[in-house]
Amino acid sequence: MPGADSSAPADALAASRERRLRALSGARRDHILGAARAAFIDLGLEGASLRAIARRAGYTAGAIYSYFPSKEDLYATLLTESLERLHARVRAAGLPGRPAARAPAQAAADELRVRALAFFDFYRENPRDLDLGFYLFHGMQPRGLTPKWNERLNSRLRDALQPQRQALLDLGFDPEQAATELTALFAHTVGLLLLSHTGRIRMFGRGSEELFVRYVEELIGRAPAARPRRRRA
């Protein structure tokens, strides 16, 4: 029938135009995030205004508002994406199953090694991501984000730490001990990374990864599953 398919070319053209607009919008969003990332790193969370971010992006402040309602949303989006990459890195580092030849304690120890090192290496290789995380803090008090954003970001960080927590549980630590050891491991990780990124670690003549691996091995060594069992009389 004449004209039965006359709308098909128009529909295809409209769909193609919609795809181009979405791609353009996504590219603009990424460009704004890149400018914001540079501004936050150079000026800090409080020092980087939307106007300054807009200047770096080559847009007006009003144009940025159409993508992000506030500077805090921009920062939270950047940190969310960083934590997503961290989580993906840690998840991908998992061992491919636990062969029967390995004892459960050995499998848990190997799991802790690879997960913890993946977490450490992500921030060792991406120091700007660590910098972004620390712009959450002003002195000792978290500032700059709403409680909702703060909880959402903390939840994603806990997700990235969960494999290490599970390995600690599998090594025989009870939940309270595992929480304590995970906190100490996280603090050790961040401390070594800060020393490494600032170059301060050179004064000690040691490498950050060397010291990190040593700490993880000491942690495994004091795990309940690693302690020799006493023989019954």
# chains A, B, ... in the order shown; residues from 1 in each chain; ligands from 1

$ closest_atom_pairs --of "stretch 85-136 of chain A" --to "stretch 69-81 of chain A" --cutoff "8 Å" --atoms "only C-alpha atoms" --output "CSV"
residue,atom,partner,partner_atom,distance
A:Arg85,CA,A:Glu81,CA,6.3
A:Asp129,CA,A:Leu79,CA,7.7
A:Leu132,CA,A:Leu79,CA,6.8
A:Gly133,CA,A:Leu79,CA,6.8

$ write_last_selection --atoms "N, CA and C atoms" --output "short mmCIF file (atom, residue, chain, number, x, y, z; two decimals), in the first residue's frame"
data_model
loop_
_atom_site.label_atom_id
_atom_site.label_comp_id
_atom_site.auth_asym_id
_atom_site.auth_seq_id
_atom_site.Cartn_x
_atom_site.Cartn_y
_atom_site.Cartn_z
N ARG A 85 35.21 2.49 40.26
CA ARG A 85 36.41 1.92 39.64
C ARG A 85 37.21 1.11 40.67
N ASP A 129 42.83 10.11 42.78
CA ASP A 129 41.60 9.57 43.37
C ASP A 129 41.68 9.59 44.89
N LEU A 132 41.09 13.20 45.92
CA LEU A 132 39.67 13.55 45.89
C LEU A 132 38.96 13.08 47.14
N GLY A 133 39.28 11.87 47.57
CA GLY A 133 38.65 11.33 48.77
C GLY A 133 38.92 12.16 50.00
#

$ select_by_dssp --residues "stretch 21-180 of chain A" --states "strand (DSSP E)" --output "list of chain:residue names"
A:Phe137, A:His138, A:Gln141, A:Pro142

$ write_last_selection --atoms "C-alpha atoms" --output "mmCIF file, in the first residue's frame"
data_model
loop_
_atom_site.group_PDB
_atom_site.id
_atom_site.type_symbol
_atom_site.label_atom_id
_atom_site.label_comp_id
_atom_site.auth_asym_id
_atom_site.auth_seq_id
_atom_site.Cartn_x
_atom_site.Cartn_y
_atom_site.Cartn_z
ATOM 1 C CA PHE A 137 37.566 16.385 55.295
ATOM 2 C CA HIS A 138 38.280 19.773 56.759
ATOM 3 C CA GLN A 141 35.222 16.948 60.635
ATOM 4 C CA PRO A 142 33.622 15.760 57.344
#

$ atom_distance --atom1 "atom CA of A:Thr146" --atom2 "atom CA of A:Phe68"
14.7 Å

$ residues_around --residues "A:Asp131" --least-positions-apart "3" --cutoff "12 Å" --atoms "only C-alpha atoms" --output "PDB file with C-alpha atoms, in the first residue's frame"
ATOM      1  CA  ARG A  37      38.090  17.215  38.917  1.00  0.00           C
ATOM      2  CA  ALA A  38      40.974  19.544  38.015  1.00  0.00           C
ATOM      3  CA  PHE A  40      38.861  20.290  43.123  1.00  0.00           C
ATOM      4  CA  ILE A  41      42.418  18.969  42.990  1.00  0.00           C
ATOM      5  CA  ASP A  42      43.901  22.457  42.527  1.00  0.00           C
ATOM      6  CA  LEU A  43      41.587  24.445  44.815  1.00  0.00           C
ATOM      7  CA  GLY A  44      39.987  21.954  47.193  1.00  0.00           C
ATOM      8  CA  LEU A  45      36.293  21.349  47.698  1.00  0.00           C
ATOM      9  CA  LEU A  78      33.325  12.282  40.790  1.00  0.00           C
ATOM     10  CA  LEU A  79      33.937  10.407  44.015  1.00  0.00           C
ATOM     11  CA  SER A  82      36.159   6.754  41.577  1.00  0.00           C
ATOM     12  CA  TYR A 123      45.252   4.244  44.930  1.00  0.00           C
ATOM     13  CA  ARG A 124      49.002   3.833  44.407  1.00  0.00           C
ATOM     14  CA  ASN A 126      45.751   6.755  40.917  1.00  0.00           C
ATOM     15  CA  PRO A 127      46.953   9.271  43.513  1.00  0.00           C
ATOM     16  CA  ARG A 128      44.424  11.885  42.354  1.00  0.00           C
ATOM     17  CA  PHE A 134      40.460  13.463  51.284  1.00  0.00           C
ATOM     18  CA  TYR A 135      38.729  16.637  50.167  1.00  0.00           C
ATOM     19  CA  LEU A 136      35.780  15.294  52.131  1.00  0.00           C
ATOM     20  CA  PHE A 137      37.566  16.385  55.295  1.00  0.00           C
ATOM     21  CA  VAL A 190      46.118   5.179  53.579  1.00  0.00           C
ATOM     22  CA  LEU A 193      49.936   5.848  50.331  1.00  0.00           C
ATOM     23  CA  LEU A 194      50.165   9.369  51.754  1.00  0.00           C
ATOM     24  CA  HIS A 197      52.508  10.215  47.216  1.00  0.00           C
ATOM     25  CA  THR A 198      54.188  13.019  49.160  1.00  0.00           C
TER      26      THR A 198
END

$ select_by_dssp --residues "stretch 104-184 of chain A" --states "helix (DSSP H, G or I)" --output "VMD selection string"
chain A and resid 104 to 125 127 to 134 147 to 170 175 to 184

$ residues_around --residues "stretch 28-31 of chain A" --least-positions-apart "2" --cutoff "12 Å" --atoms "only C-alpha atoms" --output "list in words"
Leu21, Arg22, Ala23, Leu24, Ser25, Gly26, Leu33, Gly34, Ala35, Ala36, Arg37, Ala38, Ile53, Ala54, Arg55, Arg56, Ala57, Gly58, Tyr59, Ala63, Ile64, Tyr65, Ser66, Tyr67, Phe68, Leu74, Thr77, Leu78 and Glu81 of chain A

$ residues_around --residues "A:Ala178" --least-positions-apart "2" --cutoff "10 Å" --atoms "only C-alpha atoms" --output "JSON, numbers by chain"
{"A": [164, 165, 166, 167, 168, 169, 170, 171, 172, 173, 174, 175, 176, 180, 181, 182, 183, 184, 223]}

$ residues_around --residues "A:Glu218" --least-positions-apart "5" --cutoff "12 Å" --atoms "only C-alpha atoms" --output "PyMOL selection string"
chain A and resi 109+112-113+181+185+211-213+223+226

$ write_last_selection --atoms "C-alpha atoms" --output "mmCIF file, in the first residue's frame"
data_model
loop_
_atom_site.group_PDB
_atom_site.id
_atom_site.type_symbol
_atom_site.label_atom_id
_atom_site.label_comp_id
_atom_site.auth_asym_id
_atom_site.auth_seq_id
_atom_site.Cartn_x
_atom_site.Cartn_y
_atom_site.Cartn_z
ATOM 1 C CA ALA A 109 45.094 -15.927 53.282
ATOM 2 C CA LEU A 112 43.250 -11.379 51.629
ATOM 3 C CA ARG A 113 46.573 -10.881 49.863
ATOM 4 C CA GLU A 181 41.683 -5.488 61.883
ATOM 5 C CA LEU A 185 44.473 -2.352 57.557
ATOM 6 C CA LEU A 211 55.917 -2.282 53.754
ATOM 7 C CA PHE A 212 52.296 -2.940 52.822
ATOM 8 C CA VAL A 213 52.954 -6.569 51.872
ATOM 9 C CA ALA A 223 45.042 -14.798 62.468
ATOM 10 C CA ALA A 226 47.200 -19.522 61.350
#

$ atom_distance --atom1 "atom CA of A:Trp149" --atom2 "atom CA of A:Gln177"
28.5 Å

$ decode --residues "stretch 48-101 of chain A" --atoms "C-alpha atoms" --output "mmCIF file, in the first residue's frame"
data_model
loop_
_atom_site.group_PDB
_atom_site.id
_atom_site.type_symbol
_atom_site.label_atom_id
_atom_site.label_comp_id
_atom_site.auth_asym_id
_atom_site.auth_seq_id
_atom_site.Cartn_x
_atom_site.Cartn_y
_atom_site.Cartn_z
ATOM 1 C CA ALA A 48 36.439 25.486 43.855
ATOM 2 C CA SER A 49 33.325 27.466 42.927
ATOM 3 C CA LEU A 50 30.877 26.565 40.174
ATOM 4 C CA ARG A 51 31.979 29.714 38.371
ATOM 5 C CA ALA A 52 35.615 28.554 38.466
ATOM 6 C CA ILE A 53 34.616 25.107 37.221
ATOM 7 C CA ALA A 54 32.553 26.680 34.428
ATOM 8 C CA ARG A 55 35.522 28.794 33.317
ATOM 9 C CA ARG A 56 37.716 25.697 33.099
ATOM 10 C CA ALA A 57 35.038 23.868 31.124
ATOM 11 C CA GLY A 58 34.406 26.819 28.805
ATOM 12 C CA TYR A 59 30.721 26.956 29.762
ATOM 13 C CA THR A 60 28.536 29.329 31.703
ATOM 14 C CA ALA A 61 27.600 28.462 35.272
ATOM 15 C CA GLY A 62 23.999 28.183 34.082
ATOM 16 C CA ALA A 63 24.979 25.484 31.581
ATOM 17 C CA ILE A 64 26.522 23.429 34.377
ATOM 18 C CA TYR A 65 23.353 23.697 36.451
ATOM 19 C CA SER A 66 21.493 21.820 33.722
ATOM 20 C CA TYR A 67 23.717 18.805 34.447
ATOM 21 C CA PHE A 68 24.524 19.176 38.157
ATOM 22 C CA PRO A 69 22.391 21.122 40.644
ATOM 23 C CA SER A 70 25.325 22.028 42.898
ATOM 24 C CA LYS A 71 29.073 21.891 43.373
ATOM 25 C CA GLU A 72 28.557 19.187 45.983
ATOM 26 C CA ASP A 73 26.720 17.017 43.455
ATOM 27 C CA LEU A 74 29.616 17.442 41.056
ATOM 28 C CA TYR A 75 32.092 16.361 43.708
ATOM 29 C CA ALA A 76 29.946 13.455 44.868
ATOM 30 C CA THR A 77 29.566 12.236 41.280
ATOM 31 C CA LEU A 78 33.325 12.282 40.790
ATOM 32 C CA LEU A 79 33.937 10.407 44.015
ATOM 33 C CA THR A 80 31.172 7.913 43.233
ATOM 34 C CA GLU A 81 32.776 7.102 39.890
ATOM 35 C CA SER A 82 36.159 6.754 41.577
ATOM 36 C CA LEU A 83 34.749 4.321 44.140
ATOM 37 C CA GLU A 84 33.045 2.365 41.363
ATOM 38 C CA ARG A 85 36.411 1.919 39.643
ATOM 39 C CA LEU A 86 37.975 0.896 42.957
ATOM 40 C CA HIS A 87 35.236 -1.646 43.581
ATOM 41 C CA ALA A 88 35.628 -3.086 40.070
ATOM 42 C CA ARG A 89 39.400 -3.388 40.563
ATOM 43 C CA VAL A 90 39.040 -5.231 43.875
ATOM 44 C CA ARG A 91 36.278 -7.481 42.545
ATOM 45 C CA ALA A 92 38.317 -8.417 39.456
ATOM 46 C CA ALA A 93 41.312 -9.320 41.626
ATOM 47 C CA GLY A 94 39.542 -12.249 43.289
ATOM 48 C CA LEU A 95 41.047 -15.683 42.947
ATOM 49 C CA PRO A 96 39.357 -17.981 40.390
ATOM 50 C CA GLY A 97 37.777 -20.371 42.868
ATOM 51 C CA ARG A 98 39.375 -22.199 45.733
ATOM 52 C CA PRO A 99 41.076 -25.404 44.589
ATOM 53 C CA ALA A 100 40.524 -28.408 46.852
ATOM 54 C CA ALA A 101 44.289 -28.775 47.201
#
